[in-house]
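Participant: File follows, coords10.cif with mmCIF, C-alpha atoms:
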```cif
data_upload
#
loop_
_atom_site.label_atom_id
_atom_site.label_comp_id
_atom_site.auth_asym_id
_atom_site.auth_seq_id
_atom_site.Cartn_x
_atom_site.Cartn_y
_atom_site.Cartn_z
CA MET A 11 -25.24 -20.28 26.95
CA ALA A 12 -24.52 -16.64 26.19
CA GLN A 13 -23.26 -15.92 22.71
CA GLU A 14 -19.53 -15.27 22.57
CA PRO A 15 -18.82 -11.58 21.91
CA VAL A 16 -17.26 -10.41 18.67
CA PRO A 17 -14.07 -8.50 19.46
CA THR A 18 -12.81 -5.34 17.87
CA VAL A 19 -9.46 -6.24 16.31
CA LEU A 20 -6.55 -3.81 16.40
CA ILE A 21 -3.61 -4.50 14.07
CA LEU A 22 -0.53 -2.56 15.09
CA ALA A 23 1.48 -1.65 11.99
CA GLY A 24 3.27 1.56 12.94
CA GLN A 25 6.97 2.18 13.32
CA ARG A 26 9.14 4.65 15.18
CA LEU A 27 8.73 8.20 13.95
CA GLY A 28 11.58 9.33 11.77
CA ARG A 29 12.86 5.78 11.31
CA VAL A 30 12.63 3.78 8.11
CA ASP A 31 12.33 0.08 8.74
CA PRO A 32 15.31 -1.71 7.09
CA LEU A 33 13.13 -4.42 5.57
CA ALA A 34 10.74 -1.85 4.11
CA ALA A 35 13.70 0.13 2.79
CA LYS A 36 15.00 -2.97 1.01
CA TYR A 37 11.74 -3.15 -0.95
CA GLY A 38 11.58 0.59 -1.52
CA ILE A 39 8.40 1.14 0.46
CA GLU A 40 7.55 3.17 3.54
CA HIS A 41 5.60 0.74 5.71
CA LYS A 42 6.84 -2.70 6.76
CA CYS A 43 3.34 -4.20 6.84
CA LEU A 44 3.23 -3.70 3.05
CA VAL A 45 6.48 -5.58 2.38
CA PRO A 46 5.70 -8.31 -0.18
CA LEU A 47 5.82 -11.98 0.81
CA LEU A 48 4.97 -14.49 -1.91
CA GLY A 49 3.43 -11.62 -3.85
CA ARG A 50 1.22 -10.37 -1.01
CA PRO A 51 1.75 -7.63 1.60
CA LEU A 52 2.48 -8.94 5.08
CA ILE A 53 -0.73 -7.45 6.46
CA GLY A 54 -2.78 -9.39 3.90
CA TYR A 55 -2.05 -12.62 5.76
CA VAL A 56 -3.10 -11.00 9.03
CA PHE A 57 -6.35 -9.77 7.44
CA ASP A 58 -7.06 -13.34 6.32
CA ALA A 59 -6.61 -14.76 9.82
CA VAL A 60 -8.75 -12.06 11.43
CA ASP A 61 -11.51 -12.37 8.85
CA ALA A 62 -11.69 -16.15 9.10
CA ALA A 63 -11.71 -15.99 12.91
CA PHE A 64 -14.30 -13.21 13.26
CA PRO A 65 -16.09 -12.56 9.94
CA THR A 66 -18.06 -9.57 11.27
CA ALA A 67 -15.39 -7.98 13.48
CA GLN A 68 -14.51 -4.33 13.11
CA ILE A 69 -10.82 -3.97 12.24
CA LEU A 70 -8.56 -1.07 13.16
CA VAL A 71 -5.08 -0.60 11.72
CA SER A 72 -2.67 1.69 13.54
CA ILE A 73 -0.03 2.99 11.13
CA ASN A 74 2.05 6.13 10.65
CA ASP A 75 0.17 7.28 7.54
CA PRO A 76 -3.62 6.91 7.83
CA HIS A 77 -3.84 6.79 4.03
CA ALA A 78 -1.26 4.00 3.68
CA LEU A 79 -3.90 1.38 2.86
CA ASP A 80 -6.12 3.52 0.63
CA ASN A 81 -4.83 1.89 -2.55
CA GLU A 82 -4.02 -1.52 -1.11
CA PRO A 83 -6.18 -4.19 -2.82
CA GLU A 84 -5.94 -6.49 0.22
CA ALA A 85 -7.70 -3.84 2.28
CA ARG A 86 -10.38 -2.88 -0.23
CA ARG A 87 -12.91 -5.59 0.67
CA PHE A 88 -12.82 -4.50 4.31
CA PHE A 89 -13.17 -0.83 3.45
CA ASP A 90 -16.09 -1.64 1.14
CA ALA A 91 -17.80 -3.65 3.88
CA GLY A 92 -17.39 -0.78 6.34
CA ARG A 93 -15.29 -2.97 8.61
CA LEU A 94 -11.88 -1.28 8.36
CA LYS A 95 -10.67 1.96 9.88
CA VAL A 96 -7.10 3.20 9.68
CA VAL A 97 -5.78 5.34 12.53
CA ARG A 98 -2.57 7.33 12.69
CA SER A 99 -0.09 5.75 15.11
CA ALA A 100 1.38 7.81 17.94
CA GLU A 101 4.93 8.31 19.15
CA ASN A 102 5.07 4.97 20.96
CA LEU A 103 3.31 1.62 21.15
CA LEU A 104 1.12 2.36 24.14
CA GLU A 105 -0.07 5.75 22.94
CA SER A 106 -0.80 4.22 19.54
CA VAL A 107 -3.10 1.69 21.17
CA PHE A 108 -4.88 4.37 23.21
CA ALA A 109 -5.29 6.57 20.13
CA ALA A 110 -6.84 3.72 18.16
CA ILE A 111 -9.32 2.37 20.71
CA LYS A 112 -11.38 5.46 21.48
CA ASP A 113 -15.10 4.61 21.35
CA ILE A 114 -14.63 0.96 20.38
CA THR A 115 -16.76 -2.02 21.31
CA TYR A 116 -15.05 -4.50 23.64
CA PRO A 117 -13.52 -7.01 23.97
CA LEU A 118 -10.37 -5.95 22.18
CA LEU A 119 -8.01 -8.30 20.35
CA LEU A 120 -4.59 -6.98 19.38
CA THR A 121 -2.04 -8.38 16.98
CA THR A 122 0.58 -6.97 14.62
CA GLY A 123 0.80 -6.30 10.91
CA ASP A 124 3.77 -8.62 10.47
CA ASN A 125 2.20 -11.64 12.22
CA VAL A 126 1.91 -13.50 8.91
CA LEU A 127 1.78 -16.99 10.48
CA MET A 128 -1.13 -16.18 12.78
CA THR A 129 -4.13 -18.47 12.38
CA PRO A 130 -7.89 -18.01 12.85
CA GLU A 131 -7.87 -20.92 15.30
CA ALA A 132 -5.29 -19.18 17.48
CA LEU A 133 -7.20 -15.89 17.50
CA ARG A 134 -10.50 -17.56 18.39
CA GLY A 135 -8.75 -19.80 20.87
CA LEU A 136 -7.20 -16.91 22.78
CA GLN A 137 -10.56 -15.23 23.26
CA GLU A 138 -12.23 -18.50 24.29
CA TYR A 139 -9.46 -19.19 26.78
CA ALA A 140 -9.66 -15.68 28.25
CA LEU A 141 -13.42 -15.92 28.70
CA GLU A 142 -13.18 -19.38 30.27
CA GLU A 143 -10.55 -18.12 32.72
CA GLY A 144 -12.56 -15.04 33.62
CA ALA A 145 -9.55 -12.95 32.64
CA ASP A 146 -9.31 -9.22 32.19
CA CYS A 147 -6.29 -9.58 29.92
CA ALA A 148 -4.74 -12.50 28.08
CA ALA A 149 -1.60 -13.05 26.04
CA LEU A 150 -0.57 -15.82 23.68
CA PHE A 151 2.76 -17.58 24.32
CA ALA A 152 4.55 -20.46 22.64
CA THR A 153 7.02 -22.87 24.18
CA LYS A 154 10.67 -22.77 23.19
CA GLU A 155 10.47 -26.40 22.07
CA ALA A 156 7.54 -25.66 19.75
CA ILE A 157 9.23 -22.61 18.26
CA LEU A 158 12.50 -24.41 17.60
CA ALA A 159 10.56 -27.31 16.10
CA ALA A 160 8.98 -24.86 13.66
CA HIS A 161 12.38 -23.40 12.84
CA SER A 162 15.69 -23.89 14.62
CA GLU A 163 16.47 -20.17 14.48
CA GLY A 164 12.94 -18.85 14.47
CA GLN A 165 13.13 -16.84 17.70
CA PRO A 166 16.34 -15.98 19.56
CA ARG A 167 14.95 -14.68 22.88
CA PHE A 168 12.89 -16.51 25.45
CA TRP A 169 11.36 -15.82 28.85
CA LYS A 170 12.75 -18.44 31.22
CA PHE A 171 10.48 -19.61 34.07
CA ARG A 172 10.53 -22.59 36.39
CA ASP A 173 8.18 -24.51 34.12
CA GLY A 174 9.99 -23.83 30.86
CA GLU A 175 11.01 -21.17 28.34
CA PHE A 176 8.51 -19.20 26.31
CA SER A 177 8.17 -16.43 23.76
CA GLY A 178 5.23 -14.16 23.08
CA CYS A 179 3.19 -14.29 19.89
CA ASN A 180 2.41 -10.54 19.78
CA THR A 181 -1.27 -11.27 20.33
CA PHE A 182 -3.30 -9.96 23.26
CA TRP A 183 -6.91 -9.76 24.44
CA MET A 184 -8.60 -7.25 26.77
CA ARG A 185 -12.06 -7.64 28.28
CA ASP A 186 -13.09 -3.97 28.66
CA ALA A 187 -11.86 -0.39 28.86
CA THR A 188 -10.62 -0.79 32.42
CA SER A 189 -8.36 -3.63 31.31
CA THR A 190 -6.29 -1.26 29.20
CA LYS A 191 -4.55 -0.05 32.35
CA VAL A 192 -2.44 -3.19 32.04
CA GLY A 193 -1.06 -1.65 28.87
CA GLU A 194 1.02 0.58 31.12
CA ILE A 195 3.43 -2.37 31.17
CA PHE A 196 4.56 -1.15 27.76
CA ARG A 197 4.94 2.50 28.71
CA GLY A 198 8.72 2.19 28.45
CA GLY A 199 8.61 0.41 25.12
CA GLY A 200 8.79 -3.31 25.93
CA GLN A 201 11.83 -5.48 25.12
CA PHE A 202 12.10 -6.27 28.82
CA LEU A 203 14.68 -9.02 28.38
CA LYS A 204 17.12 -6.53 26.86
CA PHE A 205 16.41 -3.63 29.22
CA PRO A 206 16.18 -4.49 32.95
CA LYS A 207 15.16 -0.92 33.84
CA ARG A 208 12.07 -1.34 31.67
CA PHE A 209 11.32 -4.63 33.43
CA ILE A 210 11.52 -2.92 36.83
CA ALA A 211 9.31 -0.03 35.71
CA ALA A 212 6.71 -2.43 34.34
CA PHE A 213 6.75 -5.30 36.82
CA GLY A 214 8.65 -4.11 39.90
CA LEU A 215 12.07 -4.86 41.36
CA THR A 216 11.01 -7.88 43.44
CA ASN A 217 9.50 -9.51 40.39
CA LEU A 218 12.72 -8.92 38.45
CA ILE A 219 14.71 -10.56 41.22
CA GLY A 220 12.31 -13.50 41.39
CA PHE A 221 12.36 -13.86 37.61
CA ARG A 222 16.16 -13.76 37.44
CA LEU A 223 16.43 -16.36 40.19
CA GLY A 224 13.90 -18.62 38.49
CA LEU A 225 11.53 -18.58 41.44
CA PHE A 226 8.28 -18.34 39.48
CA ASP A 227 6.46 -20.45 36.97
CA VAL A 228 4.38 -18.59 34.37
CA LYS A 229 1.14 -18.82 36.33
CA ARG A 230 2.75 -17.54 39.53
CA MET A 231 4.48 -14.67 37.76
CA LEU A 232 1.26 -13.55 36.12
CA SER A 233 -0.56 -13.83 39.43
CA ARG A 234 1.97 -11.41 40.93
CA VAL A 235 1.61 -9.03 37.99
CA SER A 236 -2.18 -9.30 38.25
CA SER A 237 -1.97 -8.19 41.89
CA ARG A 238 0.20 -5.25 40.85
CA PHE A 239 -2.45 -3.99 38.41
CA GLY A 240 -5.61 -5.25 40.10
CA LYS A 241 -6.57 -7.17 36.94
CA LYS A 242 -6.50 -10.87 36.19
CA ILE A 243 -3.84 -11.51 33.55
CA VAL A 244 -3.44 -14.96 32.00
CA ALA A 245 -1.30 -16.57 29.32
CA GLN A 246 -2.45 -19.22 26.94
CA ILE A 247 0.42 -21.53 26.00
CA THR A 248 0.29 -22.78 22.43
CA GLU A 249 2.22 -25.69 20.96
CA ASP A 250 2.15 -24.04 17.52
CA GLY A 251 5.61 -22.49 17.49
CA GLU A 252 5.06 -20.76 14.16
CA LEU A 253 2.76 -18.25 15.86
CA ALA A 254 5.75 -16.68 17.64
CA ILE A 255 7.67 -16.09 14.40
CA ASP A 256 6.84 -12.70 12.92
CA VAL A 257 8.63 -10.81 10.15
CA ASP A 258 11.16 -8.51 11.80
CA ASN A 259 14.03 -8.58 9.30
CA GLU A 260 15.34 -10.25 6.15
CA PHE A 261 16.09 -13.52 7.91
CA SER A 262 12.65 -13.90 9.50
CA HIS A 263 11.14 -12.89 6.15
CA LEU A 264 12.87 -15.90 4.58
CA VAL A 265 11.76 -18.12 7.49
CA ALA A 266 8.14 -17.02 7.10
CA GLU A 267 8.30 -17.58 3.34
CA ARG A 268 9.56 -21.14 3.83
CA LEU A 269 6.88 -21.91 6.40
CA LEU A 270 4.10 -20.45 4.26
CA ARG A 271 5.25 -22.46 1.25
CA ALA A 272 5.17 -25.58 3.41
CA LYS A 273 1.53 -24.77 4.24
CA GLY A 274 0.74 -24.59 0.53
CA ALA A 275 0.47 -20.80 0.25
CA PRO A 276 0.57 -19.76 -3.42
CA ASP A 277 3.33 -17.56 -4.76
CA LEU A 278 1.40 -14.75 -6.41
CA ALA A 279 4.63 -13.11 -7.58
CA ALA A 280 5.64 -16.14 -9.64
#
```
Kindly present the structure from the file in structure tokens form.
Facilitator:
Amino acid sequence: MAQEPVPTVLILAGQRLGRVDPLAAKYGIEHKCLVPLLGRPLIGYVFDAVDAAFPTAQILVSINDPHALDNEPEARRFFDAGRLKVVRSAENLLESVFAAIKDITYPLLLTTGDNVLMTPEALRGLQEYALEEGADCAALFATKEAILAAHSEGQPRFWKFRDGEFSGCNTFWMRDATSTKVGEIFRGGGQFLKFPKRFIAAFGLTNLIGFRLGLFDVKRMLSRVSSRFGKKIVAQITEDGELAIDVDNEFSHLVAERLLRAKGAPDLAA
């Protein structure tokens, strides 16, 4: 059996230019990924998950200031090992990804700097699932039931399909450079449930109509999107609802703190 490839891992930690994230502002810092949680920066938990999943993987961090992690102790071990590179983020999500992945080794695994509940098992599992499915691109989703079981108010928005309701876990996998064309889905900025015009631009009008009418299950919807881009796109459905709860604001910060405490995470600020 061929050895499973080691992905390059991209952690997206940028924010809109000219905008200070409210949570970062509360803590008097510039970058949300450095907001403290139990005495550690948010991105420290993401580093832990990535390192445990792929101990030799090269790690890229896309952030507004390429020197933002220079003095961050959580990043030092990766800098010292030659595994971490920080890249300046661009004006939007998609361009930030393209700017960061020049001359990388594929496959590519993407997650975010506020995904503090991500686990090594989930990261490895997504890649294994994608390879087994022969996918070009893969995304990690959690069921509504699993998310609400993790926390009753953990995630307010869900994608509703014939086979259930789901939310993304901000974690994606791409096989090779040609697979990045699927990233054009995010050209308009994402948040498709809030902005129907973005949905149409990304997925097409007929898919919006079918989605709104509840005509598709997840597999069928992704099959249609795959045909649109000429790439096989799959979703792995996880029953770990915590993976869909990232730190977006003060409330989700408190949720994540409670869940981490329940896992036995130490409070380094105490």
Participant: If the PyMOL selection byres ((chain A and resi 151) around 8) were run on this exact file, what residues would it hold? Put them as a ChimeraX atom specification.
Facilitator: /A:149-150,152-153,176-179,245-248,254
Participant: Would you write out, as a PyMOL selection string, every residue that the PyMOL selection byres ((chain A and resi 107-123) around 6) captures in this file?
Facilitator: chain A and resi 17-23+43+53+97+104-106+124-125+180-186
Participant: Starting from the PyMOL selection byres ((chain A and resi 268) around 12), expand the selection into actual residues of this file and give them as a list in words.
Facilitator: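 Those residues are Leu47, Leu48, Val126, Leu127, Ala160, His161, Gly164, Glu252, Ile255, Phe261, Ser262, His263, Leu264, Val265, Ala266, Glu267, Leu269, Leu270, Arg271, Ala272, Lys273, Gly274, Ala275, Pro276 and Asp277 of chain A.
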Participant: Identify which of the residues A:Pro65, A:Gly54, A:Pro46, A:Pro32 lies closest to A:Val16, counting all atoms listed in the file when measuring atom-to-atom distances.
Facilitator: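 Comparing A:Pro65, A:Gly54, A:Pro46, A:Pro32 against A:Val16, the winner is A:Pro65.
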Participant: For the atom pair atom CA of A:Arg134 and atom CA of A:Thr66, what is the interatomic distance in Å to one decimal place?
Facilitator: 13.1 Å
Participant: Rank nothing, just name the residue among A:Arg26, A:Arg172, A:Lys242, A:Lys36 nearest to A:Leu141, using all atoms listed in the file.
Facilitator: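 Residue with the minimum atom-to-atom distance to A:Leu141: A:Lys242.
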Participant: Nearest to A:Asn259: which of A:Leu133, A:Pro15, A:Leu33, A:Asp90 is it, counting only C-alpha atoms?
Facilitator: A:Leu33
Participant: If you measure from atom CA of A:Arg238 to atom CA of A:Ser189, what distance in Å do you get, rounded to one decimal?
Facilitator: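 Interatomic distance here is 12.9 Å.
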Participant: Atom CA of A:Phe64 and atom CA of A:Arg86 are how many Å apart?
Facilitator: 17.4 Å
Participant: Counting all atoms listed in the file, which of A:Arg29, A:Val192, A:Glu155, A:Glu175 gets nearest to A:Val235?
Facilitator: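 Using all atoms listed in the file, the shortest distance to A:Val235 belongs to A:Val192.
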Participant: Counting all atoms listed in the file, figure out which residue out of A:Glu101, A:Glu84, A:Glu143, A:Glu131 gets nearest to A:Pro51.
Facilitator: A:Glu84
Participant: Give as a PDB file with C-alpha atoms, in the frame of the given file every residue, naming chains and numbers as the document does, that has an atom within 8 Å of (12.8, -17.0, 24.9), counting all atoms listed in the file.
Facilitator:
```
ATOM      1  CA  LYS A 154      10.670 -22.770  23.190  1.00  0.00           C
ATOM      2  CA  GLN A 165      13.130 -16.840  17.700  1.00  0.00           C
ATOM      3  CA  PRO A 166      16.340 -15.980  19.560  1.00  0.00           C
ATOM      4  CA  ARG A 167      14.950 -14.680  22.880  1.00  0.00           C
ATOM      5  CA  PHE A 168      12.890 -16.510  25.450  1.00  0.00           C
ATOM      6  CA  TRP A 169      11.360 -15.820  28.850  1.00  0.00           C
ATOM      7  CA  LYS A 170      12.750 -18.440  31.220  1.00  0.00           C
ATOM      8  CA  GLU A 175      11.010 -21.170  28.340  1.00  0.00           C
ATOM      9  CA  PHE A 176       8.510 -19.200  26.310  1.00  0.00           C
ATOM     10  CA  SER A 177       8.170 -16.430  23.760  1.00  0.00           C
TER      11      SER A 177
END
```
Participant: Rank nothing, just name the residue among A:Gln68, A:Thr129, A:Gln13, A:Asn74 nearest to A:Lys95, using only C-alpha atoms.
Facilitator: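 The answer is A:Gln68, which sits nearest to A:Lys95.
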Participant: Quick one: stretch 109-130 of chain A with C-alpha atoms, as a compact mmCIF listing (two decimals), in the first residue's frame?
Facilitator:
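Written output follows (result-v8.txt):
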```txt
# COMPACT_ATOMS: atom_id res chain seq x y z
CA ALA A 109 -1.16 34.05 -2.15
CA ALA A 110 -0.19 31.49 0.48
CA ILE A 111 -0.03 28.34 -1.64
CA LYS A 112 2.48 29.32 -4.30
CA ASP A 113 5.08 26.57 -4.73
CA ILE A 114 3.67 24.28 -2.03
CA THR A 115 3.64 20.50 -1.92
CA TYR A 116 0.19 18.95 -2.24
CA PRO A 117 -2.20 17.79 -0.92
CA LEU A 118 -3.35 20.91 0.88
CA LEU A 119 -5.29 20.94 4.14
CA LEU A 120 -6.95 24.20 5.19
CA THR A 121 -8.37 25.23 8.53
CA THR A 122 -8.71 28.46 10.49
CA GLY A 123 -6.84 30.11 13.34
CA ASP A 124 -9.90 30.14 15.58
CA ASN A 125 -10.75 26.44 15.17
CA VAL A 126 -9.72 25.72 18.77
CA LEU A 127 -11.81 22.54 19.10
CA MET A 128 -10.31 20.86 16.05
CA THR A 129 -8.73 17.47 16.72
CA PRO A 130 -5.85 15.54 15.14
```
